[in-house]
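What follows is input_17.txt (compact mmCIF, C-alpha atoms (C1' of nucleotides) and all ligand atoms).
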# COMPACT_ATOMS: atom_id res chain seq x y z
CA MET Y 1 178.35 18.78 133.00
CA ASN Y 2 180.40 16.95 130.42
CA ILE Y 3 183.80 16.85 128.84
CA SER Y 4 184.08 18.50 125.44
CA ARG Y 5 184.40 16.70 122.13
CA ALA Y 6 187.91 18.13 122.06
CA SER Y 7 188.87 16.34 125.26
CA ASP Y 8 187.39 13.09 123.99
CA TYR Y 9 189.44 13.46 120.80
CA ALA Y 10 192.57 14.36 122.74
CA ILE Y 11 192.35 11.35 125.04
CA ARG Y 12 191.76 8.91 122.22
CA GLY Y 13 194.44 10.52 120.09
CA LEU Y 14 196.96 10.12 122.86
CA VAL Y 15 195.88 6.53 123.44
CA TYR Y 16 196.41 5.86 119.74
CA MET Y 17 199.91 7.30 119.99
CA ALA Y 18 200.65 5.31 123.14
CA LYS Y 19 199.97 2.08 121.28
CA LYS Y 20 202.91 2.76 118.95
CA PRO Y 21 206.47 1.92 119.98
CA ALA Y 22 207.90 4.57 122.30
CA GLY Y 23 209.35 7.49 120.36
CA THR Y 24 207.26 7.01 117.24
CA VAL Y 25 206.51 10.27 115.44
CA CYS Y 26 202.80 10.47 114.61
CA PHE Y 27 201.01 12.70 112.11
CA VAL Y 28 197.79 14.44 113.03
CA LYS Y 29 196.35 13.10 109.82
CA ASP Y 30 196.85 9.52 110.96
CA ILE Y 31 195.79 10.19 114.53
CA ALA Y 32 192.58 11.79 113.27
CA LYS Y 33 191.83 9.01 110.82
CA ASN Y 34 192.33 6.31 113.41
CA THR Y 35 190.19 8.02 116.00
CA ASN Y 36 187.32 9.07 113.75
CA SER Y 37 187.84 12.74 114.37
CA PRO Y 38 188.09 15.83 112.14
CA ALA Y 39 191.75 16.26 111.21
CA SER Y 40 191.83 20.04 111.31
CA PHE Y 41 190.22 20.06 114.72
CA MET Y 42 192.61 17.42 115.96
CA SER Y 43 195.43 19.59 114.68
CA LYS Y 44 194.42 22.43 116.90
CA ILE Y 45 193.97 20.09 119.83
CA PHE Y 46 197.48 18.70 119.47
CA GLN Y 47 198.75 22.23 119.16
CA THR Y 48 197.36 22.84 122.65
CA LEU Y 49 198.79 19.56 123.94
CA ALA Y 50 202.18 20.60 122.58
CA LYS Y 51 202.00 23.98 124.28
CA SER Y 52 201.27 22.23 127.55
CA GLY Y 53 204.44 20.21 127.16
CA ILE Y 54 203.06 16.68 127.34
CA VAL Y 55 203.84 16.12 123.67
CA HIS Y 56 206.58 17.51 121.43
CA SER Y 57 205.86 18.75 117.93
CA PHE Y 58 208.03 18.77 114.80
CA ILE Y 59 207.02 21.05 111.97
CA GLY Y 60 207.45 20.48 108.24
CA THR Y 61 207.84 17.31 106.20
CA LYS Y 62 208.55 14.34 108.44
CA GLY Y 63 207.14 16.43 111.24
CA GLY Y 64 204.54 15.19 113.70
CA PHE Y 65 204.18 14.56 117.40
CA THR Y 66 205.88 12.42 120.01
CA PHE Y 67 205.31 12.03 123.72
CA ASN Y 68 207.26 14.37 125.92
CA THR Y 69 205.86 12.76 129.05
CA ARG Y 70 205.47 9.01 129.46
CA PRO Y 71 201.90 7.83 128.79
CA GLU Y 72 201.97 6.24 132.24
CA ASP Y 73 202.38 9.69 133.73
CA ILE Y 74 199.65 11.43 131.74
CA THR Y 75 196.40 11.21 133.66
CA ILE Y 76 192.96 11.70 132.16
CA LYS Y 77 192.51 14.66 134.46
CA MET Y 78 195.64 16.29 133.03
CA VAL Y 79 194.38 15.93 129.47
CA VAL Y 80 190.90 17.23 130.21
CA GLU Y 81 192.30 20.22 132.09
CA ILE Y 82 194.75 21.06 129.31
CA ILE Y 83 191.98 21.05 126.73
CA ASP Y 84 188.89 22.19 128.62
CA GLY Y 85 190.53 24.15 131.39
CA PRO Y 86 190.33 23.42 135.09
CA ILE Y 87 187.73 20.91 136.22
CA VAL Y 88 185.57 22.91 138.58
CA LEU Y 89 182.12 21.58 139.42
CA ASN Y 90 181.11 24.95 140.79
CA ARG Y 91 183.07 28.17 140.96
CA CYS Y 92 183.52 28.05 144.73
CA VAL Y 93 185.57 24.86 144.70
CA ILE Y 94 188.73 26.54 143.39
CA ASN Y 95 188.80 29.16 146.08
CA LYS Y 96 185.99 30.21 148.34
CA SER Y 97 186.70 33.85 147.65
CA SER Y 98 185.50 33.44 144.08
CA CYS Y 99 181.95 33.52 145.45
CA GLN Y 100 180.71 36.18 147.83
CA ASN Y 101 178.21 33.72 149.30
CA ALA Y 102 180.74 31.05 150.17
CA GLY Y 103 181.04 32.28 153.73
CA ASN Y 104 177.51 31.30 154.66
CA CYS Y 105 176.49 29.00 151.84
CA ASP Y 106 174.70 25.81 152.75
CA VAL Y 107 175.75 23.79 149.74
CA HIS Y 108 179.36 24.85 149.32
CA PHE Y 109 180.69 21.81 151.13
CA MET Y 110 178.84 19.39 148.93
CA TRP Y 111 180.54 20.73 145.84
CA THR Y 112 184.01 20.56 147.33
CA ASP Y 113 183.39 17.00 148.48
CA ILE Y 114 182.04 15.76 145.16
CA GLN Y 115 184.76 17.66 143.31
CA LYS Y 116 187.40 15.88 145.35
CA MET Y 117 185.91 12.55 144.45
CA LEU Y 118 185.65 13.34 140.75
CA SER Y 119 189.10 14.79 140.62
CA LYS Y 120 190.63 11.72 142.20
CA ALA Y 121 188.72 9.43 139.90
CA LEU Y 122 190.01 11.24 136.81
CA SER Y 123 193.53 11.23 138.22
CA SER Y 124 193.49 7.50 138.80
CA TYR Y 125 193.54 6.63 135.09
CA SER Y 126 196.49 7.20 132.77
CA ILE Y 127 196.74 7.18 128.99
CA ALA Y 128 198.86 4.04 129.22
CA ASP Y 129 196.03 2.20 130.99
CA PHE Y 130 193.97 2.30 127.82
CA ALA Y 131 196.77 1.66 125.37
CA ASN Y 132 197.95 -1.59 126.86
CA ASP Y 133 194.69 -3.42 127.45
CA THR Y 134 195.51 -3.13 131.11
CA PHE Y 135 192.26 -1.36 131.80
CA LYS Y 136 190.65 -2.26 135.00
CA ASN Y 137 188.12 -0.46 137.10
CA LYS Y 138 190.17 1.71 139.39
CA LEU Y 139 187.26 2.87 141.47
CA PRO Y 140 186.67 1.12 144.77
CA LYS Y 141 183.47 -0.88 144.77
CA SER Y 142 181.97 1.41 147.36
CA ASP Y 143 181.98 4.26 144.86
CA LEU Y 144 179.57 2.43 142.65
CA ASN Y 145 177.41 1.15 145.45
CA PHE Y 146 177.10 3.73 148.15
CA ALA Y 147 173.67 4.95 147.05
CA MET F 1 182.85 20.15 133.30
CA ASN F 2 180.76 22.22 135.66
CA ILE F 3 177.21 22.97 136.62
CA SER F 4 175.77 26.17 135.21
CA ARG F 5 175.12 29.33 137.16
CA ALA F 6 171.45 28.56 136.58
CA SER F 7 171.73 25.26 138.44
CA ASP F 8 173.59 26.89 141.29
CA TYR F 9 170.83 29.51 141.54
CA ALA F 10 168.11 26.87 141.32
CA ILE F 11 169.57 24.75 144.11
CA ARG F 12 170.05 27.67 146.44
CA GLY F 13 166.64 29.08 145.57
CA LEU F 14 165.00 25.78 146.45
CA VAL F 15 167.02 25.54 149.67
CA TYR F 16 165.81 29.02 150.59
CA MET F 17 162.23 27.92 150.00
CA ALA F 18 162.74 24.73 151.98
CA LYS F 19 163.71 26.74 155.04
CA LYS F 20 160.24 28.31 155.16
CA PRO F 21 157.33 26.47 156.78
CA ALA F 22 155.89 23.86 154.44
CA GLY F 23 153.38 25.32 152.02
CA THR F 24 154.73 28.87 152.12
CA VAL F 25 154.26 30.73 148.85
CA CYS F 26 157.51 32.41 147.81
CA PHE F 27 158.07 35.23 145.32
CA VAL F 28 160.90 35.06 142.84
CA LYS F 29 161.85 38.56 143.92
CA ASP F 30 162.49 37.38 147.49
CA ILE F 31 164.16 34.16 146.44
CA ALA F 32 166.51 36.10 144.19
CA LYS F 33 167.30 38.73 146.81
CA ASN F 34 168.09 36.12 149.45
CA THR F 35 170.31 34.09 147.18
CA ASN F 36 172.23 36.94 145.58
CA SER F 37 171.02 36.15 142.09
CA PRO F 38 169.52 38.19 139.24
CA ALA F 39 165.75 38.24 139.73
CA SER F 40 164.80 38.07 136.07
CA PHE F 41 167.11 35.13 135.52
CA MET F 42 165.76 33.39 138.61
CA SER F 43 162.29 33.95 137.22
CA LYS F 44 163.12 31.98 134.11
CA ILE F 45 164.76 29.27 136.20
CA PHE F 46 161.70 28.81 138.36
CA GLN F 47 159.60 28.75 135.24
CA THR F 48 161.57 25.69 134.21
CA LEU F 49 161.30 24.15 137.67
CA ALA F 50 157.53 24.66 137.52
CA LYS F 51 157.30 23.00 134.13
CA SER F 52 159.16 19.99 135.53
CA GLY F 53 156.57 19.66 138.24
CA ILE F 54 158.74 19.88 141.35
CA VAL F 55 157.29 23.29 142.22
CA HIS F 56 153.87 24.77 141.61
CA SER F 57 153.43 28.32 140.37
CA PHE F 58 150.64 30.84 140.99
CA ILE F 59 150.38 33.78 138.65
CA GLY F 60 149.22 37.32 139.45
CA THR F 61 149.14 39.28 142.67
CA LYS F 62 149.77 37.01 145.66
CA GLY F 63 151.21 34.56 143.19
CA GLY F 64 154.51 32.79 143.66
CA PHE F 65 155.88 29.31 144.05
CA THR F 66 155.39 26.41 146.44
CA PHE F 67 156.89 22.95 146.53
CA ASN F 68 154.99 20.32 144.63
CA THR F 69 157.44 17.63 145.74
CA ARG F 70 158.79 17.39 149.28
CA PRO F 71 162.27 18.90 149.61
CA GLU F 72 163.38 15.57 151.05
CA ASP F 73 162.53 13.96 147.74
CA ILE F 74 164.22 16.51 145.48
CA THR F 75 167.79 15.41 144.86
CA ILE F 76 170.56 17.66 143.63
CA LYS F 77 170.81 15.48 140.57
CA MET F 78 167.15 16.12 139.77
CA VAL F 79 167.59 19.88 139.95
CA VAL F 80 170.74 19.95 137.86
CA GLU F 81 169.16 17.75 135.22
CA ILE F 82 165.99 19.85 135.07
CA ILE F 83 168.01 23.02 134.52
CA ASP F 84 171.11 21.87 132.65
CA GLY F 85 169.72 18.78 131.00
CA PRO F 86 170.94 15.22 131.52
CA ILE F 87 174.24 14.78 133.31
CA VAL F 88 176.37 12.96 130.78
CA LEU F 89 180.14 13.00 131.23
CA ASN F 90 180.63 11.84 127.66
CA ARG F 91 178.04 11.16 124.99
CA CYS F 92 178.51 7.40 125.06
CA VAL F 93 177.36 6.99 128.64
CA ILE F 94 173.67 7.45 127.82
CA ASN F 95 173.61 4.80 125.14
CA LYS F 96 176.55 3.25 123.39
CA SER F 97 174.86 3.68 120.03
CA SER F 98 175.25 7.45 120.31
CA CYS F 99 178.90 6.95 119.35
CA GLN F 100 180.01 4.88 116.40
CA ASN F 101 183.29 4.10 118.13
CA ALA F 102 181.73 2.71 121.28
CA GLY F 103 182.00 -0.84 120.03
CA ASN F 104 185.78 -0.90 120.11
CA CYS F 105 186.61 2.13 122.23
CA ASP F 106 189.27 1.72 124.87
CA VAL F 107 188.05 4.44 127.19
CA HIS F 108 184.29 3.98 127.03
CA PHE F 109 184.18 1.95 130.22
CA MET F 110 185.98 4.57 132.23
CA TRP F 111 183.32 7.14 131.43
CA THR F 112 180.44 4.87 132.35
CA ASP F 113 182.13 3.97 135.63
CA ILE F 114 182.92 7.53 136.64
CA GLN F 115 179.48 8.65 135.50
CA LYS F 116 177.87 6.07 137.78
CA MET F 117 179.87 7.37 140.68
CA LEU F 118 179.07 11.02 139.99
CA SER F 119 175.42 10.29 139.40
CA LYS F 120 175.09 8.45 142.68
CA ALA F 121 176.89 11.18 144.53
CA LEU F 122 174.53 13.85 143.21
CA SER F 123 171.54 11.66 143.99
CA SER F 124 172.60 11.17 147.56
CA TYR F 125 171.91 14.77 148.56
CA SER F 126 168.44 16.32 148.80
CA ILE F 127 167.33 19.95 149.02
CA ALA F 128 166.14 19.27 152.56
CA ASP F 129 169.64 18.26 153.62
CA PHE F 130 170.83 21.81 153.16
CA ALA F 131 167.77 23.55 154.53
CA ASN F 132 167.78 21.90 157.92
CA ASP F 133 171.41 22.15 158.93
CA THR F 134 171.42 18.39 158.70
CA PHE F 135 174.22 18.45 156.18
CA LYS F 136 176.69 15.73 156.55
CA ASN F 137 179.14 14.23 154.14
CA LYS F 138 177.22 11.51 152.42
CA LEU F 139 180.17 10.14 150.53
CA PRO F 140 181.92 7.09 151.96
CA LYS F 141 185.39 7.84 153.18
CA SER F 142 186.86 5.69 150.46
CA ASP F 143 185.61 8.07 147.82
CA LEU F 144 187.80 10.79 149.14
CA ASN F 145 190.78 8.60 149.77
CA PHE F 146 191.12 6.04 147.07
CA ALA F 147 193.79 7.93 145.15
C1' DA B 1 136.99 48.97 135.80
C1' DA B 2 141.64 50.64 136.83
C1' DT B 3 145.80 49.58 139.17
C1' DA B 4 149.24 46.87 141.23
C1' DT B 5 151.62 42.60 141.49
C1' DT B 6 153.29 38.46 139.98
C1' DA B 7 154.91 34.74 136.77
C1' DA B 8 155.27 33.48 131.65
C1' DG B 9 157.34 33.97 127.55
C1' DA B 10 159.88 36.38 123.88
C1' DC B 11 164.04 38.33 122.85
C1' DA B 12 169.12 39.34 122.94
C1' DA B 13 173.97 39.69 124.33
C1' DA B 14 178.02 37.16 125.61
C1' DT B 15 180.61 33.20 125.86
C1' DT B 16 182.07 28.71 124.67
C1' DT B 17 182.46 25.02 121.58
C1' DT B 18 183.55 23.13 117.30
C1' DA B 19 185.34 23.49 113.85
C1' DT B 20 187.80 25.36 108.89
C1' DC B 21 190.98 28.01 106.27
C1' DT B 22 195.42 30.27 105.59
C1' DT B 23 200.24 30.74 106.75
C1' DA B 24 204.75 29.33 108.06
C1' DA B 25 208.30 25.93 108.72
C1' DT B 26 210.90 22.01 107.12
C1' DT B 27 212.33 18.37 104.09
C1' DT B 28 212.93 16.32 99.63
C1' DG B 29 214.21 15.94 95.14
C1' DA B 30 214.66 17.99 90.39
C1' DT V 1 219.60 25.99 94.74
C1' DC V 2 215.24 26.27 94.54
C1' DA V 3 210.54 24.71 93.66
C1' DA V 4 207.33 21.33 95.36
C1' DA V 5 205.47 18.60 98.85
C1' DT V 6 204.37 17.88 103.57
C1' DT V 7 203.46 19.01 108.09
C1' DA V 8 202.11 21.79 112.19
C1' DA V 9 200.87 26.71 113.75
C1' DG V 10 197.85 30.23 113.87
C1' DA V 11 193.92 33.11 112.29
C1' DT V 12 189.31 33.12 111.37
C1' DA V 13 184.41 31.77 111.57
C1' DA V 14 180.06 29.24 112.27
C1' DA V 15 177.13 27.03 115.63
C1' DA V 16 175.56 26.14 120.02
C1' DT V 17 175.04 27.21 124.74
C1' DT V 18 174.82 30.15 128.60
C1' DT V 19 173.31 34.09 130.89
C1' DG V 20 170.75 37.16 131.07
C1' DT V 21 166.74 41.34 130.04
C1' DC V 22 162.47 43.06 128.42
C1' DT V 23 157.61 42.67 127.27
C1' DT V 24 153.25 40.37 127.88
C1' DA V 25 149.65 38.01 130.23
C1' DA V 26 147.30 36.59 134.30
C1' DT V 27 145.34 37.49 138.77
C1' DA V 28 144.02 39.99 142.82
C1' DT V 29 142.94 44.26 145.07
C1' DT V 30 140.97 48.79 145.42
S1 LIG Y 201 177.49 26.69 146.05
FE1 LIG Y 201 177.45 28.45 147.44
S2 LIG Y 201 179.59 29.02 147.62
FE2 LIG Y 201 179.48 27.68 145.84
S3 LIG Y 201 179.19 29.06 144.09
FE3 LIG Y 201 177.14 28.48 144.75
S4 LIG Y 201 176.61 30.11 146.20
FE4 LIG Y 201 178.81 30.27 145.93
S1 LIG Y 202 184.83 7.56 124.93
FE1 LIG Y 202 184.77 6.18 123.16
S2 LIG Y 202 182.67 5.47 123.09
FE2 LIG Y 202 182.68 7.26 124.44
S3 LIG Y 202 182.21 9.00 123.09
FE3 LIG Y 202 184.44 8.87 123.14
S4 LIG Y 202 184.90 7.54 121.38
FE4 LIG Y 202 182.73 7.28 121.74

Any chance you could give the structure as structure tokens?
Ligand code: SF4
Ligand code: SF4
Amino acid sequence: MNISRASDYAIRGLVYMAKKPAGTVCFVKDIAKNTNSPASFMSKIFQTLAKSGIVHSFIGTKGGFTFNTRPEDITIKMVVEIIDGPIVLNRCVINKSSCQNAGNCDVHFMWTDIQKMLSKALSSYSIADFANDTFKNKLPKSDLNFA
Amino acid sequence: MNISRASDYAIRGLVYMAKKPAGTVCFVKDIAKNTNSPASFMSKIFQTLAKSGIVHSFIGTKGGFTFNTRPEDITIKMVVEIIDGPIVLNRCVINKSSCQNAGNCDVHFMWTDIQKMLSKALSSYSIADFANDTFKNKLPKSDLNFA
DNA sequence: AATATTAAGACAAATTTTATCTTAATTTGA
DNA sequence: TCAAATTAAGATAAAATTTGTCTTAATATT
């Protein structure tokens, strides 16, 4: 029940990039150094981000990465799902047919409800939010108080 | 970003038990059969639940498991944490000192906020809720709509 | 005391995570 | 023009976690 180190690195790497002027080409080496993460691991992570299309990669000398999608449009959920795969609290929340018990399972509905909440929370933050010191709590107060 | 199969089995195993009259001694074999889960795996899961204290185990013929805590008082969060370990969306949400970057990390606060929400959601459901057909959505409407 | 039944605990396979190491592409400059 | 330098891409591998099974020990029954 956690995001991977890779997702943590990816998010902070993208935030680092988003702080640069739009269009800046960034090297993995610099991204890694400035985010306290292993460069070779970060390299593979950005490889995956490039495949997904949210960043563009240039190979060779003067290569590097730029955004292919505006940081404002890259949600935390997107990043986590690109790196860790779909966010699925329990297998039945993608499609009920993935579990033979789903038809008469008592707890199925809880997972879909909590998943919805988590999914929306992760979608409500963008990379740009953290790059521009515009962070603010995007969760309604009730979310933190309903206990 | 998901609960383990083991936690899913544990929750449903406990719900199965909670449907029996209070005090009923249940065999792993029956619990497993009625929850569509591998008996030997369920055995190890209930071993862990017994160690945690929420159920009591009896060894030998006529052995089995009974609740040691009322199903009303066993939250989903408790079960998941007993089986999967602490629910921690990202390492920094337990204690900031677990991450050297926490001091000047842009995204740290998001994780603590979302963690609070998730934690409260999982705490708001008990095993008894699912055993007695008393399930109802315990999340405030805003949680599902704030996007 | 032998047998049957049950959970406890040791062991192991499979998968996922977290990386590193090698290769290929591109630019630069001798 | 071609070697050297630089950068990402891709292959490989170690470590940790998950998902189980198999063997042992405890207890009750006959
Ligand atoms: S909660 Fe119910 S429906 Fe979902 S995976 Fe578990 S058994 Fe299947
Ligand atoms: S989000 Fe920031 S504080 Fe939390 S683990 Fe990642 S780097 Fe550390």

Distance limit 10 Å, reference ligand LIG 201 (chain Y), atoms considered: all atoms listed in the file. Which residues make the cut? Give them as a PyMOL selection string. (chain Y and resi 89-112) or (chain F and resi 3-12+35-37)

Could you please select, counting all atoms listed in the file, the residues of chain V within 7 Å of chain F and state them as a PyMOL selection string? chain V and resi 20+26-28

Can you measure atom CA of Y:Pro71 to atom CA of Y:Asp113 for me? One decimal in Å is fine. 28.5 Å

Moved chain Y, fitted on chain F by every C-alpha in sequence order, as a short mmCIF file (atom, residue, chain, number, x, y, z; two decimals) with C-alpha atoms, in the frame of the given file:
data_model
loop_
_atom_site.label_atom_id
_atom_site.label_comp_id
_atom_site.auth_asym_id
_atom_site.auth_seq_id
_atom_site.Cartn_x
_atom_site.Cartn_y
_atom_site.Cartn_z
CA MET Y 1 182.87 20.17 133.31
CA ASN Y 2 180.77 22.22 135.67
CA ILE Y 3 177.22 22.96 136.62
CA SER Y 4 175.77 26.17 135.21
CA ARG Y 5 175.12 29.34 137.16
CA ALA Y 6 171.46 28.56 136.60
CA SER Y 7 171.72 25.25 138.44
CA ASP Y 8 173.59 26.90 141.30
CA TYR Y 9 170.82 29.51 141.54
CA ALA Y 10 168.11 26.87 141.32
CA ILE Y 11 169.57 24.74 144.11
CA ARG Y 12 170.04 27.66 146.45
CA GLY Y 13 166.64 29.07 145.59
CA LEU Y 14 165.00 25.79 146.47
CA VAL Y 15 167.00 25.55 149.68
CA TYR Y 16 165.80 29.03 150.60
CA MET Y 17 162.22 27.94 150.01
CA ALA Y 18 162.72 24.74 151.99
CA LYS Y 19 163.69 26.77 155.04
CA LYS Y 20 160.22 28.32 155.16
CA PRO Y 21 157.30 26.50 156.77
CA ALA Y 22 155.86 23.86 154.44
CA GLY Y 23 153.35 25.35 152.01
CA THR Y 24 154.71 28.89 152.11
CA VAL Y 25 154.23 30.75 148.84
CA CYS Y 26 157.49 32.43 147.81
CA PHE Y 27 158.07 35.24 145.32
CA VAL Y 28 160.91 35.07 142.84
CA LYS Y 29 161.83 38.55 143.93
CA ASP Y 30 162.47 37.39 147.48
CA ILE Y 31 164.15 34.16 146.45
CA ALA Y 32 166.50 36.11 144.19
CA LYS Y 33 167.30 38.72 146.81
CA ASN Y 34 168.07 36.14 149.45
CA THR Y 35 170.28 34.09 147.19
CA ASN Y 36 172.22 36.93 145.58
CA SER Y 37 171.01 36.14 142.12
CA PRO Y 38 169.52 38.20 139.26
CA ALA Y 39 165.75 38.23 139.73
CA SER Y 40 164.80 38.05 136.07
CA PHE Y 41 167.11 35.11 135.55
CA MET Y 42 165.77 33.39 138.62
CA SER Y 43 162.30 33.93 137.22
CA LYS Y 44 163.10 31.96 134.14
CA ILE Y 45 164.76 29.26 136.20
CA PHE Y 46 161.69 28.81 138.38
CA GLN Y 47 159.59 28.75 135.26
CA THR Y 48 161.57 25.67 134.21
CA LEU Y 49 161.30 24.14 137.68
CA ALA Y 50 157.53 24.65 137.52
CA LYS Y 51 157.30 22.98 134.12
CA SER Y 52 159.17 20.00 135.53
CA GLY Y 53 156.56 19.67 138.25
CA ILE Y 54 158.74 19.89 141.35
CA VAL Y 55 157.28 23.28 142.21
CA HIS Y 56 153.85 24.78 141.59
CA SER Y 57 153.42 28.33 140.35
CA PHE Y 58 150.64 30.86 140.96
CA ILE Y 59 150.39 33.81 138.62
CA GLY Y 60 149.25 37.34 139.42
CA THR Y 61 149.16 39.29 142.67
CA LYS Y 62 149.71 37.00 145.63
CA GLY Y 63 151.20 34.57 143.16
CA GLY Y 64 154.52 32.82 143.67
CA PHE Y 65 155.87 29.32 144.05
CA THR Y 66 155.38 26.42 146.43
CA PHE Y 67 156.87 22.96 146.53
CA ASN Y 68 154.99 20.32 144.63
CA THR Y 69 157.42 17.64 145.74
CA ARG Y 70 158.77 17.40 149.28
CA PRO Y 71 162.26 18.91 149.62
CA GLU Y 72 163.38 15.57 151.04
CA ASP Y 73 162.52 13.96 147.73
CA ILE Y 74 164.22 16.51 145.48
CA THR Y 75 167.79 15.41 144.86
CA ILE Y 76 170.57 17.67 143.64
CA LYS Y 77 170.83 15.49 140.57
CA MET Y 78 167.16 16.11 139.77
CA VAL Y 79 167.60 19.87 139.96
CA VAL Y 80 170.75 19.95 137.86
CA GLU Y 81 169.16 17.74 135.21
CA ILE Y 82 166.00 19.85 135.07
CA ILE Y 83 168.02 23.01 134.53
CA ASP Y 84 171.10 21.88 132.63
CA GLY Y 85 169.74 18.77 131.00
CA PRO Y 86 170.96 15.23 131.52
CA ILE Y 87 174.27 14.79 133.31
CA VAL Y 88 176.39 12.97 130.77
CA LEU Y 89 180.15 12.99 131.22
CA ASN Y 90 180.63 11.83 127.66
CA ARG Y 91 178.06 11.15 124.98
CA CYS Y 92 178.54 7.38 125.06
CA VAL Y 93 177.35 6.99 128.64
CA ILE Y 94 173.67 7.49 127.80
CA ASN Y 95 173.61 4.81 125.16
CA LYS Y 96 176.54 3.25 123.40
CA SER Y 97 174.85 3.69 120.06
CA SER Y 98 175.24 7.45 120.31
CA CYS Y 99 178.89 6.95 119.35
CA GLN Y 100 179.99 4.89 116.39
CA ASN Y 101 183.27 4.09 118.13
CA ALA Y 102 181.72 2.70 121.29
CA GLY Y 103 181.97 -0.86 120.02
CA ASN Y 104 185.75 -0.91 120.11
CA CYS Y 105 186.60 2.11 122.22
CA ASP Y 106 189.26 1.71 124.86
CA VAL Y 107 188.04 4.42 127.19
CA HIS Y 108 184.29 3.96 127.02
CA PHE Y 109 184.17 1.94 130.21
CA MET Y 110 185.98 4.56 132.22
CA TRP Y 111 183.34 7.14 131.43
CA THR Y 112 180.45 4.88 132.35
CA ASP Y 113 182.15 3.97 135.62
CA ILE Y 114 182.94 7.54 136.64
CA GLN Y 115 179.49 8.66 135.50
CA LYS Y 116 177.90 6.09 137.77
CA MET Y 117 179.88 7.37 140.69
CA LEU Y 118 179.08 11.01 140.00
CA SER Y 119 175.45 10.30 139.41
CA LYS Y 120 175.10 8.46 142.69
CA ALA Y 121 176.91 11.19 144.55
CA LEU Y 122 174.54 13.85 143.21
CA SER Y 123 171.55 11.66 143.99
CA SER Y 124 172.61 11.17 147.58
CA TYR Y 125 171.90 14.78 148.58
CA SER Y 126 168.44 16.33 148.81
CA ILE Y 127 167.33 19.94 149.03
CA ALA Y 128 166.13 19.28 152.57
CA ASP Y 129 169.64 18.26 153.63
CA PHE Y 130 170.82 21.82 153.17
CA ALA Y 131 167.76 23.55 154.54
CA ASN Y 132 167.77 21.89 157.92
CA ASP Y 133 171.41 22.11 158.91
CA THR Y 134 171.42 18.36 158.68
CA PHE Y 135 174.23 18.42 156.17
CA LYS Y 136 176.71 15.71 156.55
CA ASN Y 137 179.16 14.23 154.13
CA LYS Y 138 177.24 11.48 152.41
CA LEU Y 139 180.20 10.13 150.52
CA PRO Y 140 181.94 7.09 151.96
CA LYS Y 141 185.43 7.88 153.15
CA SER Y 142 186.91 5.67 150.48
CA ASP Y 143 185.64 8.05 147.81
CA LEU Y 144 187.83 10.80 149.11
CA ASN Y 145 190.83 8.61 149.74
CA PHE Y 146 191.14 6.01 147.05
CA ALA Y 147 193.83 7.87 145.11
#

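Our summary of the geometry notes that atom C1' of B:DA1 is positioned 28.3 Å from atom CA of F:Val25.
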
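Among the candidate residues Y:Val88, Y:Val55, Y:Phe130, Y:Phe67, the one lying nearest to ligand LIG 202 (chain Y) is Y:Phe130, with distances computed using all atoms listed in the file.
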
Within 9 Å of chain F, which residues of chain B are there when counting all atoms listed in the file? Please give them as a PyMOL selection string. chain B and resi 4-9

When you draw a straight line from atom C1' of V:DG10 to atom CA of Y:Thr48, how long is it in Å? 11.5 Å

I'd like the neighbourhood of Y:Ile127 as a list in words, where a residue qualifies if any of its atoms comes within 7 Å (using all atoms listed in the file), though same-chain residues fewer than 6 positions away should be ignored. Leu14, Val15, Pro71, Glu72, Ile74, Thr75 and Ile76 of chain Y

Need to verify the contact set: V:DA3, 12 Å, all atoms listed in the file, exclusion of same-chain residues closer than 6 positions in sequence. Can you return it as a list in words? DT28, DG29 and DA30 of chain B

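Distances here use all atoms listed in the file; by that measure, the residue among F:Ala32, F:Leu49, F:Met117, F:Ala39 closest to chain Y is F:Met117.
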
If you count all atoms listed in the file, the residue of Y:Ser124, Y:Ser52, Y:Asn34, Y:Thr24 closest to chain F turns out to be Y:Ser124
